[in-house]
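As provided, structure_1.cif (mmCIF, C-alpha atoms and all ligand atoms) reads as follows.
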```
data_structure
loop_
_atom_site.label_atom_id
_atom_site.label_comp_id
_atom_site.auth_asym_id
_atom_site.auth_seq_id
_atom_site.Cartn_x
_atom_site.Cartn_y
_atom_site.Cartn_z
CA MET A 1 -20.68 74.67 -132.62
CA GLY A 2 -18.07 71.97 -132.10
CA LYS A 3 -14.49 71.78 -133.28
CA VAL A 4 -13.47 69.61 -136.20
CA ILE A 5 -9.94 68.24 -135.88
CA VAL A 6 -8.15 66.02 -138.38
CA ILE A 7 -5.53 63.57 -137.10
CA THR A 8 -2.97 62.99 -139.81
CA SER A 9 0.66 62.00 -140.41
CA GLY A 10 1.89 61.37 -143.91
CA LYS A 11 3.76 58.21 -142.99
CA GLY A 12 1.62 55.19 -142.22
CA GLY A 13 1.49 53.24 -139.00
CA VAL A 14 2.72 56.00 -136.68
CA GLY A 15 -0.40 55.94 -134.49
CA LYS A 16 -3.15 58.10 -136.00
CA THR A 17 -5.93 55.63 -135.30
CA THR A 18 -4.66 54.91 -131.78
CA THR A 19 -4.47 58.65 -131.13
CA THR A 20 -7.97 59.30 -132.47
CA ALA A 21 -9.50 56.53 -130.34
CA ASN A 22 -7.73 57.63 -127.18
CA LEU A 23 -8.29 61.36 -127.53
CA GLY A 24 -11.95 60.79 -128.37
CA THR A 25 -12.43 58.54 -125.38
CA GLY A 26 -10.41 60.91 -123.18
CA LEU A 27 -12.54 63.89 -124.21
CA ALA A 28 -15.74 61.94 -123.57
CA ALA A 29 -14.43 61.04 -120.12
CA LEU A 30 -14.04 64.77 -119.52
CA GLY A 31 -17.72 65.26 -120.28
CA GLN A 32 -17.48 66.29 -123.94
CA LYS A 33 -19.77 65.04 -126.69
CA VAL A 34 -17.51 63.46 -129.29
CA CYS A 35 -17.92 61.99 -132.75
CA LEU A 36 -15.10 59.97 -134.32
CA VAL A 37 -15.04 59.65 -138.09
CA ASP A 38 -12.94 56.98 -139.79
CA THR A 39 -11.97 58.46 -143.16
CA ASP A 40 -9.61 55.61 -144.07
CA ILE A 41 -11.79 54.32 -146.90
CA GLY A 42 -11.19 50.67 -147.72
CA LEU A 43 -9.01 50.17 -144.63
CA ARG A 44 -11.48 50.61 -141.81
CA ASN A 45 -9.69 50.29 -138.45
CA LEU A 46 -11.01 52.71 -135.88
CA ASP A 47 -13.96 50.38 -135.23
CA VAL A 48 -11.75 47.55 -133.98
CA VAL A 49 -9.54 49.86 -131.92
CA MET A 50 -12.72 51.15 -130.25
CA GLY A 51 -14.12 47.61 -129.93
CA LEU A 52 -17.24 48.48 -131.91
CA GLU A 53 -16.77 46.34 -135.02
CA ASN A 54 -19.77 44.10 -134.29
CA ARG A 55 -22.25 46.94 -134.22
CA ILE A 56 -21.71 48.35 -137.70
CA VAL A 57 -24.73 48.50 -140.00
CA TYR A 58 -24.18 51.65 -142.06
CA ASP A 59 -21.03 53.58 -142.86
CA LEU A 60 -19.82 56.95 -144.09
CA LEU A 61 -20.60 56.15 -147.72
CA HIS A 62 -24.21 55.20 -146.94
CA VAL A 63 -24.56 58.56 -145.20
CA VAL A 64 -23.11 60.75 -147.95
CA GLU A 65 -25.08 58.87 -150.59
CA GLY A 66 -28.25 59.35 -148.61
CA GLN A 67 -28.93 55.62 -148.15
CA CYS A 68 -29.48 56.17 -144.46
CA ARG A 69 -29.77 59.07 -142.08
CA LEU A 70 -26.64 60.27 -140.32
CA ARG A 71 -28.04 59.31 -136.93
CA GLN A 72 -28.59 55.71 -138.01
CA ALA A 73 -24.95 55.26 -138.97
CA LEU A 74 -23.45 56.57 -135.73
CA ILE A 75 -22.38 53.75 -133.42
CA LYS A 76 -22.61 54.40 -129.71
CA ASP A 77 -19.60 53.65 -127.53
CA LYS A 78 -19.81 50.77 -125.06
CA GLN A 79 -18.88 52.94 -122.10
CA PHE A 80 -19.99 56.47 -122.98
CA GLY A 81 -23.14 55.74 -125.02
CA ASP A 82 -24.35 58.59 -127.18
CA ARG A 83 -21.72 60.98 -125.83
CA LEU A 84 -19.08 59.13 -127.86
CA VAL A 85 -20.04 57.86 -131.30
CA LEU A 86 -18.22 56.43 -134.29
CA LEU A 87 -18.95 56.86 -137.98
CA PRO A 88 -17.15 53.91 -139.65
CA ALA A 89 -15.36 54.03 -142.99
CA PRO A 90 -16.81 52.12 -145.92
CA GLN A 91 -14.86 49.02 -146.95
CA THR A 92 -15.24 49.85 -150.64
CA ARG A 93 -12.33 49.64 -153.04
CA GLU A 94 -13.12 52.93 -154.76
CA LYS A 95 -10.99 55.37 -152.83
CA ASP A 96 -12.72 58.36 -154.44
CA ALA A 97 -16.23 57.18 -153.59
CA VAL A 98 -16.45 60.17 -151.24
CA THR A 99 -15.63 63.75 -152.24
CA PRO A 100 -14.15 66.62 -150.21
CA GLU A 101 -17.40 68.58 -150.66
CA GLN A 102 -19.38 65.72 -149.14
CA MET A 103 -16.95 65.56 -146.23
CA LYS A 104 -17.39 69.28 -145.65
CA ALA A 105 -21.16 68.96 -145.54
CA LEU A 106 -20.90 65.97 -143.22
CA THR A 107 -18.62 67.67 -140.70
CA GLU A 108 -20.81 70.79 -140.73
CA GLU A 109 -23.76 68.65 -139.74
CA LEU A 110 -21.80 66.79 -137.07
CA ARG A 111 -20.43 69.91 -135.40
CA GLU A 112 -23.98 71.08 -134.74
CA GLU A 113 -24.40 68.17 -132.38
CA TYR A 114 -20.94 67.36 -131.03
CA ASP A 115 -18.31 69.36 -129.11
CA PHE A 116 -15.51 67.56 -130.93
CA VAL A 117 -15.45 65.84 -134.30
CA LEU A 118 -12.19 63.89 -134.71
CA LEU A 119 -11.29 62.73 -138.21
CA ASP A 120 -8.91 59.77 -138.44
CA SER A 121 -7.03 60.31 -141.69
CA PRO A 122 -5.50 57.62 -143.90
CA ALA A 123 -1.74 57.60 -144.51
CA GLY A 124 -0.51 59.34 -147.64
CA ILE A 125 -1.12 62.62 -149.39
CA GLU A 126 -3.68 61.64 -152.00
CA HIS A 127 -7.44 61.71 -152.25
CA GLY A 128 -7.99 60.30 -148.76
CA PHE A 129 -5.89 63.03 -147.21
CA LYS A 130 -7.81 65.71 -149.12
CA ASN A 131 -11.10 64.21 -147.91
CA ALA A 132 -9.90 64.09 -144.33
CA VAL A 133 -8.76 67.70 -144.22
CA ALA A 134 -11.66 69.16 -146.21
CA GLY A 135 -13.95 69.84 -143.29
CA ALA A 136 -11.36 70.36 -140.55
CA ASP A 137 -10.68 73.58 -138.63
CA THR A 138 -7.38 72.40 -137.21
CA ALA A 139 -4.98 69.51 -137.54
CA ILE A 140 -3.03 67.25 -135.22
CA VAL A 141 0.06 65.77 -136.86
CA VAL A 142 1.29 62.49 -135.39
CA THR A 143 4.89 61.42 -135.79
CA THR A 144 7.35 59.04 -134.19
CA PRO A 145 10.94 60.10 -133.38
CA GLU A 146 12.23 58.50 -136.57
CA ILE A 147 13.80 60.24 -139.51
CA ALA A 148 11.28 59.02 -142.11
CA ALA A 149 8.25 59.86 -139.97
CA VAL A 150 9.53 63.34 -139.11
CA ARG A 151 10.35 64.03 -142.73
CA ASP A 152 6.83 63.06 -143.80
CA ALA A 153 5.40 65.14 -140.98
CA ASP A 154 7.25 68.15 -142.39
CA ARG A 155 5.76 67.48 -145.78
CA ILE A 156 2.27 67.14 -144.31
CA ILE A 157 2.65 70.43 -142.43
CA GLY A 158 3.35 72.10 -145.78
CA LEU A 159 0.33 70.43 -147.39
CA LEU A 160 -1.90 71.41 -144.47
CA GLU A 161 -0.84 75.02 -144.95
CA ALA A 162 -1.67 74.76 -148.64
CA ALA A 163 -5.13 73.55 -147.53
CA GLU A 164 -5.34 76.64 -145.29
CA LEU A 165 -5.01 74.65 -142.09
CA TYR A 166 -2.46 76.77 -140.30
CA ASP A 167 -0.70 76.07 -137.00
CA PRO A 168 -1.12 72.31 -136.76
CA GLN A 169 -0.10 70.74 -133.46
CA LEU A 170 2.27 67.84 -133.08
CA ILE A 171 2.01 64.61 -131.13
CA ILE A 172 5.25 62.66 -130.80
CA ASN A 173 4.31 59.03 -130.36
CA ARG A 174 6.27 55.93 -129.35
CA VAL A 175 9.06 57.77 -127.55
CA ARG A 176 11.49 55.40 -125.85
CA PRO A 177 13.14 57.27 -123.00
CA ASN A 178 15.99 54.80 -122.59
CA MET A 179 16.94 55.21 -126.26
CA VAL A 180 16.69 58.99 -126.01
CA ARG A 181 18.92 58.82 -122.97
CA ARG A 182 21.52 56.81 -124.87
CA GLY A 183 21.45 59.33 -127.69
CA ASP A 184 19.98 56.79 -130.06
CA MET A 185 16.61 58.42 -130.51
CA MET A 186 15.75 62.03 -131.29
CA SER A 187 14.38 63.82 -128.27
CA ILE A 188 11.36 66.08 -128.08
CA SER A 189 13.57 69.15 -128.31
CA ASP A 190 15.41 67.73 -131.34
CA ILE A 191 12.11 67.31 -133.15
CA ASP A 192 10.94 70.69 -131.94
CA ASP A 193 14.12 72.27 -133.38
CA ILE A 194 13.47 70.73 -136.75
CA LEU A 195 9.73 71.05 -137.25
CA ALA A 196 9.21 74.19 -135.17
CA ILE A 197 5.51 73.63 -134.53
CA ASP A 198 3.50 73.59 -131.34
CA ILE A 199 3.85 70.31 -129.44
CA LEU A 200 0.52 69.08 -128.15
CA GLY A 201 1.81 65.95 -126.50
CA VAL A 202 4.31 63.18 -126.12
CA VAL A 203 3.28 59.54 -125.81
CA PRO A 204 5.70 56.85 -124.68
CA ASP A 205 6.09 53.58 -126.52
CA ASP A 206 4.00 51.25 -124.42
CA GLN A 207 3.29 47.59 -125.09
CA ASP A 208 0.09 47.84 -123.06
CA ILE A 209 -1.33 49.68 -126.07
CA ILE A 210 -1.24 46.41 -127.95
CA VAL A 211 -3.03 44.68 -125.08
CA SER A 212 -5.68 47.39 -124.91
CA THR A 213 -6.14 47.27 -128.70
CA ASN A 214 -6.57 43.49 -128.46
CA LYS A 215 -9.42 44.10 -126.05
CA GLY A 216 -10.90 47.01 -127.98
CA GLU A 217 -10.60 49.32 -124.99
CA PRO A 218 -8.55 52.49 -125.53
CA ILE A 219 -5.72 52.73 -122.99
CA VAL A 220 -6.74 56.23 -121.93
CA THR A 221 -9.26 54.68 -119.51
CA ASP A 222 -6.52 52.67 -117.75
CA PRO A 223 -5.53 54.78 -114.74
CA LYS A 224 -2.23 52.94 -114.23
CA SER A 225 -0.87 53.29 -117.76
CA LYS A 226 1.77 55.90 -118.66
CA ALA A 227 0.55 56.09 -122.24
CA GLY A 228 -2.97 56.45 -120.87
CA GLN A 229 -1.80 59.35 -118.73
CA ALA A 230 -0.19 60.95 -121.78
CA TYR A 231 -3.50 60.77 -123.68
CA ARG A 232 -5.44 62.12 -120.71
CA ASN A 233 -3.06 65.08 -120.59
CA ILE A 234 -3.53 65.76 -124.29
CA ALA A 235 -7.32 65.61 -123.94
CA ARG A 236 -7.14 68.25 -121.20
CA ARG A 237 -4.89 70.43 -123.33
CA LEU A 238 -7.48 70.24 -126.12
CA LEU A 239 -9.92 71.77 -123.66
CA GLY A 240 -7.52 74.65 -123.14
CA GLU A 241 -6.05 73.52 -119.85
CA GLU A 242 -2.34 74.05 -119.32
CA VAL A 243 -0.82 70.69 -118.56
CA PRO A 244 2.98 70.39 -118.63
CA LEU A 245 4.44 67.91 -121.10
CA MET A 246 5.01 64.55 -119.51
CA ASN A 247 8.66 64.48 -118.61
CA LEU A 248 9.71 61.04 -119.72
CA GLN A 249 13.31 62.14 -119.61
CA GLU A 250 13.63 63.47 -116.10
CA ARG A 251 12.34 60.36 -114.43
CA LYS A 252 14.84 58.27 -116.33
CA MET A 253 17.65 60.71 -115.60
CA MET A 254 16.96 60.41 -111.91
CA HIS A 255 17.00 56.69 -112.32
CA TRP A 256 20.29 56.96 -114.15
CA PHE A 257 21.82 59.17 -111.45
CA LYS A 258 20.76 56.73 -108.80
CA ARG A 259 22.38 53.95 -110.72
CA LEU A 260 25.50 56.05 -111.19
CA LEU A 261 25.70 56.82 -107.48
CA SER A 262 25.27 53.23 -106.52
CA GLY A 263 28.15 52.40 -108.86
CA GLU A 264 25.88 50.29 -111.03
CA ALA A 265 26.42 52.31 -114.17
CA GLN A 266 29.61 50.47 -115.10
CA MET B 1 36.65 53.44 -116.66
CA PHE B 2 37.62 54.82 -120.05
CA GLU B 3 34.86 52.82 -121.61
CA PHE B 4 32.46 54.23 -119.10
CA LEU B 5 33.57 57.79 -119.78
CA SER B 6 33.40 57.41 -123.51
CA LYS B 7 29.96 55.91 -123.10
CA LEU B 8 28.96 58.76 -120.87
CA PHE B 9 30.18 61.48 -123.20
CA GLY B 10 30.10 59.64 -126.47
CA GLY B 11 26.67 58.24 -125.73
CA PHE B 12 25.08 61.63 -126.15
CA GLU B 13 26.54 61.74 -129.62
CA GLY B 14 24.75 58.49 -130.47
CA SER B 15 23.00 57.76 -133.74
CA LYS B 16 20.39 60.42 -133.10
CA SER B 17 22.80 63.20 -133.99
CA ARG B 18 23.27 61.57 -137.38
CA ALA B 19 19.51 61.32 -137.75
CA LYS B 20 19.07 64.97 -136.87
CA GLU B 21 21.77 66.13 -139.23
CA ARG B 22 20.49 64.05 -142.12
CA LEU B 23 16.96 65.19 -141.44
CA ARG B 24 18.01 68.84 -141.52
CA LEU B 25 19.63 68.40 -144.91
CA VAL B 26 16.86 66.40 -146.47
CA LEU B 27 14.29 68.94 -145.28
CA VAL B 28 16.17 71.87 -146.79
CA HIS B 29 16.01 69.98 -150.04
CA ASP B 30 12.37 68.88 -149.64
CA ARG B 31 11.20 72.32 -148.68
CA ALA B 32 13.05 74.09 -151.45
CA SER B 33 11.88 71.72 -154.15
CA LEU B 34 8.35 71.63 -152.79
CA SER B 35 7.79 75.31 -153.29
CA PRO B 36 9.08 76.47 -156.64
CA GLY B 37 7.77 79.85 -155.56
CA LEU B 38 10.40 80.01 -152.84
CA VAL B 39 13.40 80.47 -155.09
CA GLU B 40 11.50 82.98 -157.22
CA ALA B 41 10.50 85.04 -154.19
CA LEU B 42 14.06 84.89 -152.91
CA LYS B 43 15.36 86.14 -156.27
CA GLU B 44 12.94 89.05 -156.30
CA GLU B 45 13.95 90.23 -152.89
CA LEU B 46 17.66 89.72 -153.54
CA ILE B 47 17.35 91.96 -156.59
CA GLN B 48 15.58 94.61 -154.55
CA VAL B 49 18.30 94.66 -151.91
CA ILE B 50 21.29 94.42 -154.20
CA THR B 51 20.15 97.10 -156.63
CA LYS B 52 20.32 99.57 -153.78
CA TYR B 53 24.08 99.24 -153.97
CA LEU B 54 24.97 97.75 -157.33
CA GLU B 55 23.70 97.77 -160.85
CA ILE B 56 23.24 94.13 -161.76
CA ASP B 57 22.21 92.08 -164.73
CA GLU B 58 18.84 90.91 -163.48
CA GLU B 59 18.34 88.50 -166.37
CA GLY B 60 21.65 86.79 -165.68
CA LEU B 61 20.99 86.30 -161.96
CA GLU B 62 21.00 82.68 -160.85
CA VAL B 63 20.00 81.29 -157.49
CA ASN B 64 20.26 77.61 -156.62
CA PHE B 65 20.57 75.20 -153.77
CA ASP B 66 23.71 73.14 -153.97
CA LYS B 67 23.43 69.94 -152.01
CA GLY B 68 26.69 68.33 -150.97
CA ASP B 69 27.18 65.22 -148.86
CA ASP B 70 26.90 66.95 -145.56
CA SER B 71 25.86 70.47 -146.32
CA VAL B 72 23.48 72.56 -148.34
CA ALA B 73 24.62 75.86 -149.78
CA LEU B 74 22.68 78.65 -151.37
CA ILE B 75 24.64 79.62 -154.47
CA ALA B 76 23.88 82.94 -156.09
CA ASN B 77 25.58 84.12 -159.26
CA ILE B 78 24.96 87.81 -159.69
CA PRO B 79 26.60 89.54 -162.66
CA VAL B 80 27.49 93.11 -161.64
CA LYS B 81 27.24 95.78 -164.34
CA SER B 82 28.55 98.62 -162.27
CA VAL B 83 28.95 99.81 -158.74
CA LYS B 84 26.78 102.75 -157.85
CA ARG B 85 28.39 105.98 -156.84
CA SER B 86 28.32 106.19 -153.10
CA ALA B 87 25.83 108.71 -151.79
CA ARG B 88 28.25 109.80 -149.11
N1 LIG C 1 2.60 54.54 -128.14
C1 LIG C 1 2.56 53.31 -128.67
N2 LIG C 1 3.20 52.27 -128.07
C2 LIG C 1 3.16 51.05 -128.61
N3 LIG C 1 2.50 50.73 -129.73
C3 LIG C 1 1.84 51.69 -130.38
C4 LIG C 1 1.83 53.04 -129.89
N4 LIG C 1 1.09 53.78 -130.75
C5 LIG C 1 0.66 52.94 -131.71
N5 LIG C 1 1.10 51.69 -131.51
C6 LIG C 1 0.87 50.51 -132.37
O1 LIG C 1 1.34 50.81 -133.67
C7 LIG C 1 0.52 50.23 -134.65
C8 LIG C 1 0.02 51.28 -135.63
O2 LIG C 1 -0.83 52.17 -134.94
P1 LIG C 1 -2.10 52.84 -135.65
O3 LIG C 1 -2.92 51.83 -136.34
O4 LIG C 1 -2.74 53.72 -134.65
O5 LIG C 1 -1.32 53.73 -136.73
P2 LIG C 1 -1.95 54.53 -137.96
O6 LIG C 1 -1.10 55.74 -138.13
O7 LIG C 1 -3.39 54.72 -137.78
O8 LIG C 1 -1.69 53.51 -139.15
P3 LIG C 1 -2.27 53.62 -140.66
O9 LIG C 1 -1.39 54.62 -141.35
O10 LIG C 1 -2.11 52.26 -141.21
O11 LIG C 1 -3.69 54.07 -140.56
C9 LIG C 1 -0.60 49.53 -133.91
O12 LIG C 1 -0.28 48.18 -133.80
C10 LIG C 1 -0.61 50.19 -132.54
O13 LIG C 1 -1.07 49.33 -131.54
MG MG C 2 -5.03 54.24 -139.09
#
```
Can you turn what I pasted into structure tokens?
Amino acid sequence: MGKVIVITSGKGGVGKTTTTANLGTGLAALGQKVCLVDTDIGLRNLDVVMGLENRIVYDLLHVVEGQCRLRQALIKDKQFGDRLVLLPAPQTREKDAVTPEQMKALTEELREEYDFVLLDSPAGIEHGFKNAVAGADTAIVVTTPEIAAVRDADRIIGLLEAAELYDPQLIINRVRPNMVRRGDMMSISDIDDILAIDILGVVPDDQDIIVSTNKGEPIVTDPKSKAGQAYRNIARRLLGEEVPLMNLQERKMMHWFKRLLSGEAQ
Amino acid sequence: MFEFLSKLFGGFEGSKSRAKERLRLVLVHDRASLSPGLVEALKEELIQVITKYLEIDEEGLEVNFDKGDDSVALIANIPVKSVKRSAR
């Protein structure tokens, strides 16, 4: 029986889809069988981030309406084949075309076959959010170190509790160590102070993510990338391994000290 | 040199401390208004504790969050009917 994890945020554009694609790919690289489900109805995106947009025939709505079998709608990953599959969102305009009950039944079926079912949630707290959380056992909340994103994360944590999803874990995305160092961006411990939930990972702001998204290849498979390393660490943590949080700060502090010593800091 | 020092020490008090402070305040407000049950539960327990020592007018008890510009206060107005005789 696999785990069903919803990736959610409240505020839009903070990196849910990027996180889902990278964690899914990272888990598959660690030998897990993974199914990604795009629950962002009408705003399908996970397919392009995964580079699978040309292979779509059926989608989530076809499955829940019984127009095709579940297996037929699952798209195999380019690299990992049937160990990493995607169920795309329908591009329909009716946001309530799918119900929470249907989502529950769907995830129950998927967890029979897969070790991890990752649900990419839409932004917001309406119907789409309810669908995304309906079948989940646990939640990953994604935020950026910005006041509006953290505020919405707090709200989402409350709503997750109301949906009986306790102890969500937090991913802080798009951290910019040089801004944190200047005191112009909230640090990991600042956000920890405020939200007081378990931190699953920290991902630096990395322009290579845009390049990898352009290519449809999640950055987690790039051995040289810092963001890729961050996602690989998170994937290992999801498997219960203890991996220390990537210390974005320390490296920069050392850098700063070196500059200070060489008199460059003026 | 002064500029450097003020950057060094002042820099850690950059805009993030404002962000953190504002966030704290807005969350107190969000959280309190999100759960109407919270104030009710707080009232109940306040009554339980206070009635150990004082006889109060439970109907007249008021509990509110008062949000100022840079602070949030919990304001409780508790009419006392009488002070209980000390058990000592
Ligand atoms: N760590 C990062 N560094 C740089 N860019 C990033 C990072 N994470 C995400 N992005 C970029 O931010 C944008 C939004 O990311 P993404 O689509 O994953 O967010 P989302 O939360 O799924 O958005 P939506 O709410 O619209 O579904 C994308 O252009 C993505 O490439
Ligand atoms: Mg998205």
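Distances to ligand LIG 1 (chain C) were evaluated for A:Gly15, A:Gly124, A:Gly51, A:Pro223 using only C-alpha atoms and all ligand atoms, and the minimum falls at A:Gly15.
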Near-ligand residues for ligand MG 2 (chain C), threshold 6 Å, only C-alpha atoms and all ligand atoms, as a VMD selection string:
chain A and resid 16 to 17 122
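Nearest to Arg69 (chain A) of all the residues A:Gln91, A:Ile125, A:Leu30, A:Leu106 is A:Leu106, counting only C-alpha atoms.
Here atom C7 of ligand LIG 1 (chain C) stands at a distance of 21.6 Å from CA of Asp77 (chain A).
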Using the file's own x, y and z axes, what box holds all listed atoms of ligand LIG 1 (chain C) with 6 Å on each side, keeping edges along x, y and z, and what are its centre and edge lengths in Å to one decimal, as lines of an AutoDock Vina configuration file?
```
center_x = -0.2
center_y = 52.0
center_z = -134.7
size_x = 18.9
size_y = 19.6
size_z = 25.3
```
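Residue nearest chain A, chosen from B:Ile75, B:Val39, B:Leu23, B:Leu46 and counting all atoms listed in the file: B:Leu23.
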Can you list, as an NGL selection string, every protein, DNA or RNA residue that comes within 12 Å of Leu74 (chain A) when you count all atoms listed in the file, leaving out same-chain residues fewer than 3 positions away?
:A and (34-38 or 47 or 52 or 55-60 or 62-63 or 68-71 or 77 or 81-89 or 110)
Around ligand LIG 1 (chain C), at most 6 Å away and counting only C-alpha atoms and all ligand atoms, which residues are there? Put them as a list of chain:residue names, please.
A:Gly12, A:Gly13, A:Val14, A:Gly15, A:Lys16, A:Thr17, A:Thr18, A:Pro122, A:Ala123, A:Asn173, A:Arg174, A:Val203, A:Pro204, A:Asp205, A:Asp206, A:Gln207, A:Ile209, A:Ile210
Selection: 12 Å around Val28 (chain B), only C-alpha atoms, excl. self and same-chain fewer than 4 positions, as an MDAnalysis selection string:
(chainID A and resid 151 154:155 194:195) or (chainID B and resid 21:24 32:35 38 65:68 70:74)
Interatomic distance between CA of Met50 (chain A) and CA of Arg237 (chain A)?
21.9 Å
Surrounding residues of region 132-139 of chain A excluding itself and chain neighbours under 4 positions, 7 Å, all atoms listed in the file, as a PyMOL selection string
chain A and resi 3-7+39+100+103-104+107+119+121+128+165+168-169
Residue subset to file, keeping C-alpha atoms, as a JSON list (two decimals), keeping the file's coordinate frame:
```json
[["chain", "number", "residue", "atom", "x", "y", "z"],
["A", 3, "LYS", "CA", -14.49, 71.78, -133.28],
["A", 4, "VAL", "CA", -13.47, 69.61, -136.20],
["A", 5, "ILE", "CA", -9.94, 68.24, -135.88],
["A", 6, "VAL", "CA", -8.15, 66.02, -138.38],
["A", 7, "ILE", "CA", -5.53, 63.57, -137.10],
["A", 39, "THR", "CA", -11.97, 58.46, -143.16],
["A", 100, "PRO", "CA", -14.15, 66.62, -150.21],
["A", 103, "MET", "CA", -16.95, 65.56, -146.23],
["A", 104, "LYS", "CA", -17.39, 69.28, -145.65],
["A", 107, "THR", "CA", -18.62, 67.67, -140.70],
["A", 119, "LEU", "CA", -11.29, 62.73, -138.21],
["A", 121, "SER", "CA", -7.03, 60.31, -141.69],
["A", 128, "GLY", "CA", -7.99, 60.30, -148.76],
["A", 165, "LEU", "CA", -5.01, 74.65, -142.09],
["A", 168, "PRO", "CA", -1.12, 72.31, -136.76],
["A", 169, "GLN", "CA", -0.10, 70.74, -133.46]]
```
To one decimal place, how far is CA of Asp115 (chain A) from CA of Lys33 (chain A) in Å?
5.2 Å
For each of A:Val49, A:Leu238, A:Val180, A:Ile197, take the minimum atom-to-atom distance to chain B, counting only C-alpha atoms, then give the residue where this is smallest.
A:Val180
